[in-house]
Structures are given as structure tokens and as C-alpha cells.
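Undergrad: Below is work_9.cif; it holds mmCIF, C-alpha atoms.
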```
data_query
loop_
_atom_site.group_PDB
_atom_site.id
_atom_site.type_symbol
_atom_site.label_atom_id
_atom_site.label_comp_id
_atom_site.auth_asym_id
_atom_site.auth_seq_id
_atom_site.Cartn_x
_atom_site.Cartn_y
_atom_site.Cartn_z
ATOM 1 C CA MET T 968 146.102 -85.293 -35.363
ATOM 2 C CA LYS T 969 145.278 -88.899 -36.174
ATOM 3 C CA LYS T 970 145.340 -91.597 -33.534
ATOM 4 C CA MET T 971 146.149 -95.111 -34.701
ATOM 5 C CA VAL T 972 143.943 -97.843 -33.301
ATOM 6 C CA MET T 973 145.500 -101.298 -33.212
ATOM 7 C CA GLN T 974 143.532 -104.427 -33.999
ATOM 8 C CA GLU T 975 144.485 -108.071 -34.140
ATOM 9 C CA ASP T 976 145.078 -109.523 -37.604
ATOM 10 C CA ASN T 977 144.257 -113.204 -37.756
ATOM 11 C CA THR T 978 145.534 -113.731 -41.292
ATOM 12 C CA ASN T 979 148.002 -116.595 -41.340
ATOM 13 C CA ARG T 980 151.019 -114.778 -42.750
ATOM 14 C CA GLN T 981 154.657 -115.233 -41.805
ATOM 15 C CA LEU T 982 157.334 -112.551 -41.801
ATOM 16 C CA ALA T 983 159.879 -112.359 -44.611
ATOM 17 C CA PHE T 984 162.570 -109.978 -45.817
ATOM 18 C CA VAL T 985 162.818 -108.273 -49.205
ATOM 19 C CA LYS T 986 165.555 -109.902 -51.276
ATOM 20 C CA GLY T 987 168.530 -107.598 -51.680
ATOM 21 C CA ASN T 988 167.790 -105.436 -48.658
ATOM 22 C CA ARG T 989 170.953 -104.806 -46.674
ATOM 23 C CA PRO T 990 171.933 -107.646 -44.307
ATOM 24 C CA THR T 991 171.501 -107.419 -40.562
ATOM 25 C CA ASN T 992 174.445 -106.577 -38.340
ATOM 26 C CA SER T 993 175.063 -108.993 -35.458
ATOM 27 C CA ASP T 994 176.128 -106.213 -33.075
ATOM 28 C CA GLU T 995 172.924 -104.286 -33.750
ATOM 29 C CA VAL T 996 170.812 -107.442 -33.291
ATOM 30 C CA PHE T 997 172.551 -107.974 -29.928
ATOM 31 C CA ARG T 998 171.701 -104.431 -28.845
ATOM 32 C CA LYS T 999 168.079 -104.885 -29.895
ATOM 33 C CA SER T 1000 167.944 -108.173 -27.967
ATOM 34 C CA ASN T 1001 169.053 -106.410 -24.793
ATOM 35 C CA SER T 1002 166.379 -103.783 -25.347
ATOM 36 C CA TYR T 1003 163.659 -106.416 -25.823
ATOM 37 C CA ARG T 1004 164.748 -108.233 -22.682
ATOM 38 C CA ASP T 1005 164.561 -105.071 -20.584
ATOM 39 C CA TYR T 1006 161.648 -103.181 -22.144
ATOM 40 C CA GLY T 1007 159.799 -105.426 -24.580
ATOM 41 C CA GLN T 1008 158.762 -104.246 -28.046
ATOM 42 C CA LEU T 1009 158.467 -100.458 -28.028
ATOM 43 C CA SER T 1010 157.376 -99.813 -31.615
ATOM 44 C CA PRO T 1011 155.730 -101.820 -34.427
ATOM 45 C CA ILE T 1012 157.592 -103.424 -37.308
ATOM 46 C CA THR T 1013 156.665 -101.769 -40.618
ATOM 47 C CA VAL T 1014 155.564 -104.293 -43.223
ATOM 48 C CA ALA T 1015 153.883 -104.661 -46.591
ATOM 49 C CA LYS T 1016 151.973 -107.591 -48.021
ATOM 50 C CA GLY T 1017 154.189 -109.956 -49.967
ATOM 51 C CA GLU T 1018 152.200 -109.496 -53.160
ATOM 52 C CA GLU T 1019 152.852 -105.741 -53.006
ATOM 53 C CA VAL T 1020 156.585 -106.459 -53.057
ATOM 54 C CA LEU T 1021 156.101 -108.500 -56.233
ATOM 55 C CA ARG T 1022 154.140 -105.678 -57.860
ATOM 56 C CA SER T 1023 157.091 -103.368 -57.127
ATOM 57 C CA GLY T 1024 159.444 -105.733 -58.921
ATOM 58 C CA GLY T 1025 160.909 -107.277 -55.767
ATOM 59 C CA HIS T 1026 161.155 -110.789 -54.354
ATOM 60 C CA LEU T 1027 161.075 -112.333 -50.899
ATOM 61 C CA VAL T 1028 163.470 -114.367 -48.778
ATOM 62 C CA ASP T 1029 162.769 -116.026 -45.450
ATOM 63 C CA LEU T 1030 164.419 -114.860 -42.234
ATOM 64 C CA LYS T 1031 167.415 -117.092 -42.978
ATOM 65 C CA GLY T 1032 167.907 -115.621 -46.465
ATOM 66 C CA ASN T 1033 166.414 -118.489 -48.482
ATOM 67 C CA ASP T 1034 164.396 -117.590 -51.601
ATOM 68 C CA ILE T 1035 160.614 -117.735 -51.297
ATOM 69 C CA PRO T 1036 158.778 -118.703 -54.517
ATOM 70 C CA ASP T 1037 156.818 -115.788 -55.968
ATOM 71 C CA ASP T 1038 153.625 -117.828 -55.983
ATOM 72 C CA GLN T 1039 153.815 -118.033 -52.181
ATOM 73 C CA ALA T 1040 154.185 -114.286 -51.609
ATOM 74 C CA GLN T 1041 150.598 -113.956 -50.414
ATOM 75 C CA ASN T 1042 151.552 -116.019 -47.359
ATOM 76 C CA TYR T 1043 153.969 -113.394 -46.075
ATOM 77 C CA TYR T 1044 154.350 -109.900 -44.732
ATOM 78 C CA ALA T 1045 157.593 -108.320 -45.963
ATOM 79 C CA VAL T 1046 159.571 -106.321 -43.400
ATOM 80 C CA LEU T 1047 160.228 -102.812 -44.703
ATOM 81 C CA ASP T 1048 161.690 -101.341 -41.532
ATOM 82 C CA GLY T 1049 162.795 -103.375 -38.526
ATOM 83 C CA GLN T 1050 164.969 -106.231 -39.769
ATOM 84 C CA HIS T 1051 167.259 -106.058 -36.730
ATOM 85 C CA ARG T 1052 164.309 -105.961 -34.345
ATOM 86 C CA VAL T 1053 162.741 -108.995 -36.028
ATOM 87 C CA GLN T 1054 165.949 -111.020 -35.731
ATOM 88 C CA ALA T 1055 166.277 -110.007 -32.085
ATOM 89 C CA PHE T 1056 162.622 -110.817 -31.342
ATOM 90 C CA LYS T 1057 163.097 -114.388 -32.593
ATOM 91 C CA GLU T 1058 165.241 -115.123 -29.539
ATOM 92 C CA PHE T 1059 162.284 -114.439 -27.234
ATOM 93 C CA ASP T 1060 159.420 -115.661 -29.436
ATOM 94 C CA PRO T 1061 160.646 -118.083 -32.157
ATOM 95 C CA GLU T 1062 157.124 -118.464 -33.567
ATOM 96 C CA MET T 1063 156.728 -114.663 -33.792
ATOM 97 C CA ASN T 1064 153.203 -114.895 -32.352
ATOM 98 C CA LYS T 1065 153.470 -111.825 -30.141
ATOM 99 C CA ILE T 1066 155.348 -109.416 -32.398
ATOM 100 C CA VAL T 1067 153.426 -106.237 -33.293
ATOM 101 C CA ILE T 1068 153.466 -105.104 -36.917
ATOM 102 C CA MET T 1069 151.833 -102.368 -38.951
ATOM 103 C CA GLU T 1070 151.490 -101.828 -42.666
ATOM 104 C CA SER T 1071 153.188 -98.813 -44.214
ATOM 105 C CA LEU T 1072 151.176 -95.608 -43.996
ATOM 106 C CA ASN T 1073 151.971 -94.414 -47.517
ATOM 107 C CA THR T 1074 150.892 -97.021 -50.050
ATOM 108 C CA ARG T 1075 151.329 -94.597 -52.963
ATOM 109 C CA VAL T 1076 155.115 -95.017 -52.822
ATOM 110 C CA SER T 1077 156.579 -98.246 -54.177
ATOM 111 C CA VAL T 1078 157.838 -100.765 -51.640
ATOM 112 C CA MET T 1079 161.415 -100.458 -52.905
ATOM 113 C CA LYS T 1080 161.467 -96.677 -52.569
ATOM 114 C CA GLN T 1081 159.983 -96.943 -49.100
ATOM 115 C CA ILE T 1082 162.771 -99.275 -47.976
ATOM 116 C CA ALA T 1083 165.454 -97.008 -49.402
ATOM 117 C CA GLU T 1084 163.916 -93.920 -47.786
ATOM 118 C CA MET T 1085 163.436 -95.599 -44.394
ATOM 119 C CA ASN T 1086 167.032 -96.790 -44.328
ATOM 120 C CA ILE T 1087 168.532 -93.522 -45.543
ATOM 121 C CA ARG T 1088 166.641 -91.509 -42.931
ATOM 122 C CA THR T 1089 167.466 -93.778 -39.985
ATOM 123 C CA VAL T 1090 170.993 -95.239 -40.141
ATOM 124 C CA ALA T 1091 173.299 -93.771 -42.755
ATOM 125 C CA TRP T 1092 174.013 -96.169 -45.597
ATOM 126 C CA ARG T 1093 177.547 -97.249 -46.421
ATOM 127 C CA GLY T 1094 178.746 -97.774 -49.981
ATOM 128 C CA THR T 1095 177.735 -101.421 -50.251
ATOM 129 C CA ASP T 1096 174.310 -100.683 -48.716
ATOM 130 C CA TYR T 1097 173.451 -98.631 -51.797
ATOM 131 C CA MET T 1098 174.278 -101.718 -53.816
ATOM 132 C CA ALA T 1099 171.644 -103.642 -51.848
ATOM 133 C CA GLY T 1100 169.066 -100.969 -52.546
ATOM 134 C CA SER T 1101 169.773 -101.232 -56.250
ATOM 135 C CA ALA T 1102 169.460 -105.025 -56.176
ATOM 136 C CA MET T 1103 165.860 -104.679 -55.060
ATOM 137 C CA THR T 1104 164.852 -102.710 -58.148
ATOM 138 C CA LEU T 1105 166.909 -104.453 -60.840
ATOM 139 C CA LYS T 1106 164.580 -106.326 -63.177
ATOM 140 C CA GLU T 1107 167.138 -108.309 -65.191
ATOM 141 C CA SER T 1108 170.112 -110.280 -63.905
ATOM 142 C CA ASN T 1109 173.599 -109.025 -64.599
ATOM 143 C CA GLU T 1110 176.685 -111.239 -64.132
ATOM 144 C CA VAL T 1111 178.981 -108.419 -63.055
ATOM 145 C CA PHE T 1112 176.455 -107.105 -60.533
ATOM 146 C CA ASP T 1113 175.756 -110.624 -59.247
ATOM 147 C CA PHE T 1114 179.477 -111.092 -58.576
ATOM 148 C CA ALA T 1115 179.529 -107.727 -56.792
ATOM 149 C CA LEU T 1116 176.633 -108.825 -54.575
ATOM 150 C CA PHE T 1117 178.421 -112.115 -53.874
ATOM 151 C CA LEU T 1118 181.525 -110.248 -52.682
ATOM 152 C CA ARG T 1119 179.359 -107.874 -50.663
ATOM 153 C CA LYS T 1120 177.942 -110.819 -48.743
ATOM 154 C CA LYS T 1121 181.533 -111.820 -47.987
ATOM 155 C CA GLY T 1122 182.043 -108.447 -46.325
ATOM 156 C CA PHE T 1123 184.160 -106.840 -49.050
ATOM 157 C CA PRO T 1124 184.216 -103.008 -49.081
ATOM 158 C CA LEU T 1125 183.038 -101.195 -52.193
ATOM 159 C CA ALA T 1126 186.542 -100.243 -53.357
ATOM 160 C CA THR T 1127 187.729 -103.866 -53.349
ATOM 161 C CA ILE T 1128 184.521 -105.069 -54.995
ATOM 162 C CA SER T 1129 185.069 -102.523 -57.748
ATOM 163 C CA LEU T 1130 188.589 -103.814 -58.439
ATOM 164 C CA TRP T 1131 187.470 -107.447 -58.643
ATOM 165 C CA CYS T 1132 184.377 -106.700 -60.755
ATOM 166 C CA LEU T 1133 185.523 -103.855 -63.006
ATOM 167 C CA GLY T 1134 189.316 -103.922 -62.835
ATOM 168 C CA LYS T 1135 189.405 -100.349 -61.536
ATOM 169 C CA ASN T 1136 188.206 -98.345 -58.564
ATOM 170 C CA SER T 1137 185.278 -96.710 -60.337
ATOM 171 C CA MET T 1138 182.298 -98.212 -58.508
ATOM 172 C CA LYS T 1139 180.750 -95.391 -56.473
ATOM 173 C CA PRO T 1140 177.576 -95.099 -54.344
ATOM 174 C CA SER T 1141 176.171 -92.563 -56.820
ATOM 175 C CA MET T 1142 175.992 -95.311 -59.455
ATOM 176 C CA PHE T 1143 173.554 -97.235 -57.263
ATOM 177 C CA VAL T 1144 171.576 -94.224 -56.075
ATOM 178 C CA LYS T 1145 170.626 -93.559 -59.705
ATOM 179 C CA LEU T 1146 169.360 -97.124 -60.033
ATOM 180 C CA ILE T 1147 166.916 -96.924 -57.111
ATOM 181 C CA GLY T 1148 163.583 -96.317 -58.776
ATOM 182 C CA SER T 1149 165.038 -97.303 -62.156
ATOM 183 C CA ASP T 1150 165.535 -100.751 -63.644
ATOM 184 C CA SER T 1151 168.845 -100.678 -65.507
ATOM 185 C CA LEU T 1152 172.491 -100.649 -64.456
ATOM 186 C CA ASP T 1153 175.237 -98.226 -65.364
ATOM 187 C CA ARG T 1154 177.098 -99.153 -68.564
ATOM 188 C CA ALA T 1155 180.129 -99.872 -66.381
ATOM 189 C CA PHE T 1156 178.452 -103.184 -65.517
ATOM 190 C CA ASP T 1157 178.463 -104.389 -69.118
ATOM 191 C CA ASN T 1158 180.479 -107.616 -69.255
ATOM 192 C CA ASN T 1159 183.517 -106.775 -71.385
ATOM 193 C CA GLY T 1160 185.483 -109.929 -70.605
ATOM 194 C CA TRP T 1161 187.100 -108.771 -67.361
ATOM 195 C CA LEU T 1162 184.602 -110.702 -65.240
ATOM 196 C CA SER T 1163 185.651 -114.100 -66.573
ATOM 197 C CA ARG T 1164 189.312 -113.426 -65.833
ATOM 198 C CA SER T 1165 188.610 -111.990 -62.411
ATOM 199 C CA GLN T 1166 186.407 -114.899 -61.368
ATOM 200 C CA GLN T 1167 189.117 -117.366 -62.363
ATOM 201 C CA TRP T 1168 191.638 -115.557 -60.175
ATOM 202 C CA TYR T 1169 189.155 -115.285 -57.335
ATOM 203 C CA GLU T 1170 188.189 -118.966 -57.434
ATOM 204 C CA ALA T 1171 191.866 -119.930 -57.245
ATOM 205 C CA ALA T 1172 192.581 -117.369 -54.507
ATOM 206 C CA GLU T 1173 189.710 -118.369 -52.227
ATOM 207 C CA GLN T 1174 191.264 -121.834 -51.990
ATOM 208 C CA LYS T 1175 194.431 -120.279 -50.524
ATOM 209 C CA PHE T 1176 193.375 -117.108 -48.705
ATOM 210 C CA ASN T 1177 190.606 -116.253 -46.255
ATOM 211 C CA ASP T 1178 187.873 -113.689 -46.898
ATOM 212 C CA LYS T 1179 189.459 -111.180 -44.541
ATOM 213 C CA PHE T 1180 192.603 -111.067 -46.666
ATOM 214 C CA LEU T 1181 190.818 -111.083 -50.023
ATOM 215 C CA ALA T 1182 188.579 -108.220 -48.865
ATOM 216 C CA LYS T 1183 191.697 -106.076 -48.734
ATOM 217 C CA LYS T 1184 192.978 -104.696 -52.025
ATOM 218 C CA TYR T 1185 196.457 -106.250 -51.881
ATOM 219 C CA LEU T 1186 196.022 -109.279 -54.133
ATOM 220 C CA ILE T 1187 193.696 -107.819 -56.751
ATOM 221 C CA THR T 1188 195.774 -104.607 -56.960
ATOM 222 C CA TYR T 1189 198.887 -106.694 -57.567
ATOM 223 C CA ILE T 1190 197.097 -108.769 -60.239
ATOM 224 C CA ILE T 1191 195.675 -105.727 -62.037
ATOM 225 C CA ASP T 1192 199.091 -104.086 -62.167
ATOM 226 C CA LYS T 1193 200.652 -107.199 -63.706
ATOM 227 C CA TYR T 1194 197.703 -107.705 -66.061
ATOM 228 C CA HIS T 1195 198.021 -104.231 -67.589
ATOM 229 C CA ASN T 1196 201.701 -104.849 -68.248
ATOM 230 C CA ALA T 1197 201.211 -108.326 -69.711
ATOM 231 C CA ALA T 1198 202.106 -108.877 -73.374
ATOM 232 C CA ASP T 1199 199.389 -111.519 -73.703
ATOM 233 C CA PRO T 1200 196.431 -110.976 -71.308
ATOM 234 C CA THR T 1201 194.943 -114.406 -72.065
ATOM 235 C CA SER T 1202 198.154 -116.252 -71.252
ATOM 236 C CA PHE T 1203 198.673 -114.080 -68.183
ATOM 237 C CA THR T 1204 195.215 -114.997 -66.869
ATOM 238 C CA VAL T 1205 195.936 -118.719 -67.082
ATOM 239 C CA GLN T 1206 199.448 -118.370 -65.669
ATOM 240 C CA MET T 1207 198.259 -116.306 -62.700
ATOM 241 C CA VAL T 1208 195.631 -118.922 -61.862
ATOM 242 C CA GLU T 1209 198.295 -121.624 -61.926
ATOM 243 C CA LYS T 1210 200.687 -119.583 -59.778
ATOM 244 C CA ILE T 1211 198.014 -118.912 -57.157
ATOM 245 C CA ARG T 1212 197.052 -122.585 -57.065
ATOM 246 C CA SER T 1213 200.719 -123.575 -56.626
ATOM 247 C CA LEU T 1214 201.130 -121.544 -53.427
ATOM 248 C CA THR T 1215 201.878 -123.690 -50.412
ATOM 249 C CA GLU T 1216 199.918 -123.331 -47.196
ATOM 250 C CA GLU T 1217 202.971 -121.796 -45.502
ATOM 251 C CA GLN T 1218 203.441 -119.240 -48.288
ATOM 252 C CA ALA T 1219 199.780 -118.218 -48.170
ATOM 253 C CA LYS T 1220 199.919 -117.789 -44.402
ATOM 254 C CA GLU T 1221 203.051 -115.667 -44.709
ATOM 255 C CA ILE T 1222 201.339 -113.420 -47.271
ATOM 256 C CA MET T 1223 198.244 -113.018 -45.082
ATOM 257 C CA ASN T 1224 200.244 -112.400 -41.906
ATOM 258 C CA PRO T 1225 203.577 -110.830 -42.895
ATOM 259 C CA GLU T 1226 206.230 -110.101 -40.331
ATOM 260 C CA LYS T 1227 206.705 -106.414 -39.670
ATOM 261 C CA VAL T 1228 209.511 -104.831 -41.705
ATOM 262 C CA GLU T 1229 211.108 -101.639 -40.444
ATOM 263 C CA ASN T 1230 210.238 -98.494 -42.438
ATOM 264 C CA GLN T 1231 207.760 -100.426 -44.571
ATOM 265 C CA THR T 1232 203.959 -100.407 -44.527
ATOM 266 C CA ARG T 1233 202.032 -103.647 -44.163
ATOM 267 C CA GLU T 1234 200.661 -103.139 -47.676
ATOM 268 C CA GLN T 1235 204.131 -102.829 -49.189
ATOM 269 C CA THR T 1236 205.369 -105.845 -47.240
ATOM 270 C CA THR T 1237 202.413 -107.873 -48.517
ATOM 271 C CA ILE T 1238 202.947 -106.743 -52.109
ATOM 272 C CA ASN T 1239 206.626 -107.695 -51.848
ATOM 273 C CA LEU T 1240 205.638 -111.180 -50.711
ATOM 274 C CA LEU T 1241 203.176 -111.494 -53.608
ATOM 275 C CA ILE T 1242 205.982 -110.530 -55.982
ATOM 276 C CA LYS T 1243 208.280 -113.062 -54.308
ATOM 277 C CA TYR T 1244 205.875 -115.987 -54.639
ATOM 278 C CA LEU T 1245 203.778 -115.063 -57.703
ATOM 279 C CA GLY T 1246 206.318 -113.223 -59.835
ATOM 280 C CA LYS T 1247 207.529 -109.718 -60.494
#
```
How does the structure come out when it is put into C-alpha cells?
TA:
Amino acid sequence: MKKMVMQEDNTNRQLAFVKGNRPTNSDEVFRKSNSYRDYGQLSPITVAKGEEVLRSGGHLVDLKGNDIPDDQAQNYYAVLDGQHRVQAFKEFDPEMNKIVIMESLNTRVSVMKQIAEMNIRTVAWRGTDYMAGSAMTLKESNEVFDFALFLRKKGFPLATISLWCLGKNSMKPSMFVKLIGSDSLDRAFDNNGWLSRSQQWYEAAEQKFNDKFLAKKYLITYIIDKYHNAADPTSFTVQMVEKIRSLTEEQAKEIMNPEKVENQTREQTTINLLIKYLGK
């Protein structure tokens, strides 16, 4: 048995998060805050030196999600396990002077693999969480993947993200599991022209609909169906953008909040309204 002896570290480092790690959940932060208020900090936050994150191919962001320049990494400890506890602790000690941290015990494993393992073994990952794990190991940018991460931050589920980014429901957690510890994406993320069309539709749609509605599959499923039956995909893309932009505020609200129709699902009612206002 080994007993850990704590000592004070006077190095002037701030706490940071690893870019791409899954975002904190406000409900979980609230629960951690209640725990801190009643019992204080019960266990250390696991960290690694910022420069070790860089050596693993990762990057840092501050506690608000802003990028930290790589040349400043040595001024930070990166949180590997304990993001929710850190956010909760800020409420009681904004300067983070009293928080207790410890460096990871196994330095032979890369920082990125440690984060993935810690998360997998504590709270089960959802589909989009695997996407975050992959983002930490990806060495080169990818436009399709960047758009997927953008939608993930909006709260879109994996199935809807897949439709917007790939035009089909083929994006699965297993695709991202393979990437953890690797440095290249599945060939499905090659930009074959769909991305440009999809982003045009999305940019028009976000001016009319809220994120909650767009996170559902209704609109993009309707568009994909019409796209595959279009005689001229290029003309269809432009026309669909124009039709979405021409929606009135009242029409958009009706689509997002349809009145209940007897013997009809909400999805079918919504699709019928899309057909009514955007074309059959």
C-alpha cells in the first residue's frame, strides 16, 4: 500500500480545460455546488501540466472556453478529471486559491487517453461525448468535423448532427472511438460537397428557427428527401435557401409549435407544415 503525502505547490499556475473535452452540465455543476457547500472538497482534482497536453497533441482553453495560446501552456494545469467540481468550486472561491489538485498517477499514458478513460469509467458517455474525445486527438482540422462540433455545442443529438453534416444517419459513436489514440478521421468526413449545401440551408434556417427545433430531425429530414428527388441539386440548394428565408415569423412559429392534429404524430404534422410552406 502506498500513502500519498500532500504538499503545497507554490508554482503560479492557473487551471484550464483541455480543448474538445466534453462540456460541463449545469445540473451536475449545481449538484456539486450543493456538495461543496455542505461538505467542502472531498477529493482532489486530477490535473496535468499544460505543456504535457501540448506534447499529447492537445490544446487548452480557459474555464470560460476561450482558447489559450500554446506558448502560454506552461502557466496552466489542465483538468483531466473534475471539470464539474472546478466549475462548482468557483462559486465559493473565484480565485481558486484553496482548491486541492493532484497530478495524474500514470504519466506513461497520454493525456488524451487518460481523459477518455477517466470519463468512460465514471459517467457513461453519450454519442456526442465520443465526438469530444476525438476532437482532442485530431491533429488536422476538418470542415465537416468542425461543423459537427459546432452543432454539438448547440445541443444537437448525434443523429441530427449526422444528417446535417453527412446527409445520412451514418455517424456512430464507434467512428469516434476508433479515432481516440489515432490522428485521422473516418473517410465519411471527407468533404464531398454536401457540407457547403447543408451550411447554406442551416444559415438560412437559424434565422427563422430556434436551436431546439433545429436539433430535431424534422427540417433536415424534409430537405434531404426533397434533395434526393431534385432534378438539379444545385438549383434546389439555392431555391431551398430562398424559400426558408421567405418564411414569415408567424409561419416559422407555426412550424415549431404545430397545433395537435387527431390521429397524427407531431413529426408528421410538422412535416406537413414544411411541405405547405416550403413546397411538396
Undergrad: Please evaluate the PyMOL selection byres ((chain T and resi 1003) around 12) against the structure above and give the resulting residues as an MDAnalysis selection string.
TA: chainID T and resid 996:1002 1004:1010 1051:1060 1066
Undergrad: Hey, what comes out of the PyMOL selection byres ((chain T and resi 1073) around 12) on this file? Could you write it as a list in words?
TA: Thr1013, Val1014, Ala1015, Met1069, Glu1070, Ser1071, Leu1072, Thr1074, Arg1075, Val1076, Ser1077, Val1078, Lys1080, Gln1081, Ile1082, Glu1084 and Met1085 of chain T
Undergrad: For the selection you just gave me, I'd like the residues written to a file as a PDB file, in the frame of the given file, keeping C-alpha atoms.
TA:
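Produced file result-v4.pdb, reproduced below:
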```
ATOM      1  CA  THR T1013     156.665-101.769 -40.618  1.00  0.00           C
ATOM      2  CA  VAL T1014     155.564-104.293 -43.223  1.00  0.00           C
ATOM      3  CA  ALA T1015     153.883-104.661 -46.591  1.00  0.00           C
ATOM      4  CA  MET T1069     151.833-102.368 -38.951  1.00  0.00           C
ATOM      5  CA  GLU T1070     151.490-101.828 -42.666  1.00  0.00           C
ATOM      6  CA  SER T1071     153.188 -98.813 -44.214  1.00  0.00           C
ATOM      7  CA  LEU T1072     151.176 -95.608 -43.996  1.00  0.00           C
ATOM      8  CA  THR T1074     150.892 -97.021 -50.050  1.00  0.00           C
ATOM      9  CA  ARG T1075     151.329 -94.597 -52.963  1.00  0.00           C
ATOM     10  CA  VAL T1076     155.115 -95.017 -52.822  1.00  0.00           C
ATOM     11  CA  SER T1077     156.579 -98.246 -54.177  1.00  0.00           C
ATOM     12  CA  VAL T1078     157.838-100.765 -51.640  1.00  0.00           C
ATOM     13  CA  LYS T1080     161.467 -96.677 -52.569  1.00  0.00           C
ATOM     14  CA  GLN T1081     159.983 -96.943 -49.100  1.00  0.00           C
ATOM     15  CA  ILE T1082     162.771 -99.275 -47.976  1.00  0.00           C
ATOM     16  CA  GLU T1084     163.916 -93.920 -47.786  1.00  0.00           C
ATOM     17  CA  MET T1085     163.436 -95.599 -44.394  1.00  0.00           C
TER      18      MET T1085
END
```
Undergrad: Quick one: apply the PyMOL selection byres ((chain T and resi 1023) around 8) to the file and drop the selected residues here as a PDB file with C-alpha atoms, in the coordinates of the input.
TA:
```pdb
ATOM      1  CA  GLU T1019     152.852-105.741 -53.006  1.00  0.00           C
ATOM      2  CA  VAL T1020     156.585-106.459 -53.057  1.00  0.00           C
ATOM      3  CA  LEU T1021     156.101-108.500 -56.233  1.00  0.00           C
ATOM      4  CA  ARG T1022     154.140-105.678 -57.860  1.00  0.00           C
ATOM      5  CA  GLY T1024     159.444-105.733 -58.921  1.00  0.00           C
ATOM      6  CA  GLY T1025     160.909-107.277 -55.767  1.00  0.00           C
ATOM      7  CA  SER T1077     156.579 -98.246 -54.177  1.00  0.00           C
ATOM      8  CA  VAL T1078     157.838-100.765 -51.640  1.00  0.00           C
ATOM      9  CA  MET T1079     161.415-100.458 -52.905  1.00  0.00           C
ATOM     10  CA  THR T1104     164.852-102.710 -58.148  1.00  0.00           C
TER      11      THR T1104
END
```
Undergrad: If we draw a sphere of 8 Å around (195.0, -119.1, -48.4), which residues have at least one atom in it when counting all atoms listed in the file? Please report them as a PyMOL selection string.
TA: chain T and resi 1172-1177+1216+1219-1220+1223
Undergrad: Only C-alpha atoms, please: the residues just picked out, written as an mmCIF file, keeping the file's coordinate frame.
TA:
```cif
data_model
loop_
_atom_site.group_PDB
_atom_site.id
_atom_site.type_symbol
_atom_site.label_atom_id
_atom_site.label_comp_id
_atom_site.auth_asym_id
_atom_site.auth_seq_id
_atom_site.Cartn_x
_atom_site.Cartn_y
_atom_site.Cartn_z
ATOM 1 C CA ALA T 1172 192.581 -117.369 -54.507
ATOM 2 C CA GLU T 1173 189.710 -118.369 -52.227
ATOM 3 C CA GLN T 1174 191.264 -121.834 -51.990
ATOM 4 C CA LYS T 1175 194.431 -120.279 -50.524
ATOM 5 C CA PHE T 1176 193.375 -117.108 -48.705
ATOM 6 C CA ASN T 1177 190.606 -116.253 -46.255
ATOM 7 C CA GLU T 1216 199.918 -123.331 -47.196
ATOM 8 C CA ALA T 1219 199.780 -118.218 -48.170
ATOM 9 C CA LYS T 1220 199.919 -117.789 -44.402
ATOM 10 C CA MET T 1223 198.244 -113.018 -45.082
#
```
Undergrad: Could you work out how far atom CA of T:Trp1168 lies from atom CA of T:Thr1204, giving the answer in Å with one decimal?
TA: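 A separation of 7.6 Å between them.
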Undergrad: Around stretch 1070-1076 of chain T, fit a box with edges along x, y and z, padding it by 3 Å on each side, then list its centre and edge lengths in Å to one decimal as AutoDock Vina command-line options.
TA:
```
--center_x 153.0 --center_y -98.1 --center_z -47.8 --size_x 10.2 --size_y 13.4 --size_z 16.3
```
Undergrad: Between atom CA of T:Leu1027 and atom CA of T:Ser1141, what distance in Å does the model show, to one decimal?
TA: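 These atoms are spaced 25.6 Å apart.
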Undergrad: Nearest residue to T:Arg989 out of T:Lys1183, T:Lys1120, T:Lys1031, T:Lys1139, using all atoms listed in the file?
TA: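 Looking only at the distances to T:Arg989, the closest residue turns out to be T:Lys1120.
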Undergrad: Excluding same-chain residues fewer than 2 positions from T:His1026, what lies within 12 Å of it counting all atoms listed in the file, as an MDAnalysis selection string?
TA: chainID T and resid 983:988 1016:1024 1028:1029 1032:1041 1043:1046 1078:1079 1102:1106
Undergrad: Figure out the distance between atom CA of T:Ser1137 and atom CA of T:Gln1167, please, to one decimal in Å.
TA: 21.1 Å
Undergrad: Counting all atoms listed in the file, which of T:Leu1133, T:Leu1118, T:Leu982, T:Ile1238 gets nearest to T:Tyr1185?
TA: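 That would be T:Ile1238, the residue with the smallest distance to T:Tyr1185.
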Undergrad: Find the residues around T:Thr1237 up to 9 Å (only C-alpha atoms counted), leave out those fewer than 5 positions away in its own chain, and share them as number ranges by chain.
TA: T: 1185-1186, 1221-1225, 1232, 1242
Undergrad: Pick out the closest residue to T:Gly1246 from this set: T:Asp1157, T:Met1207, T:Val1228, T:Arg1212. Count all atoms listed in the file.
TA: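 Using all atoms listed in the file, T:Gly1246 sits closest to T:Met1207.
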Undergrad: Taking into account only C-alpha atoms, which residue in the set T:Val1067, T:Leu1047, T:Leu1241, T:Met1138 is nearest to T:Gln1218?
TA: T:Leu1241
Undergrad: Using all atoms listed in the file, which of the listed residues (T:Arg1119, T:Arg1164, T:Arg980, T:Lys1247) sits closest to T:Leu1181?
TA: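 Answer, going by the shortest atom-to-atom distance: T:Arg1119.
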Undergrad: Rank T:Tyr1169, T:Glu1110, T:Ile1012, T:Lys1184 by their smallest atom-to-atom distance to T:Pro1124, using all atoms listed in the file, and report the top residue only.
TA: T:Lys1184
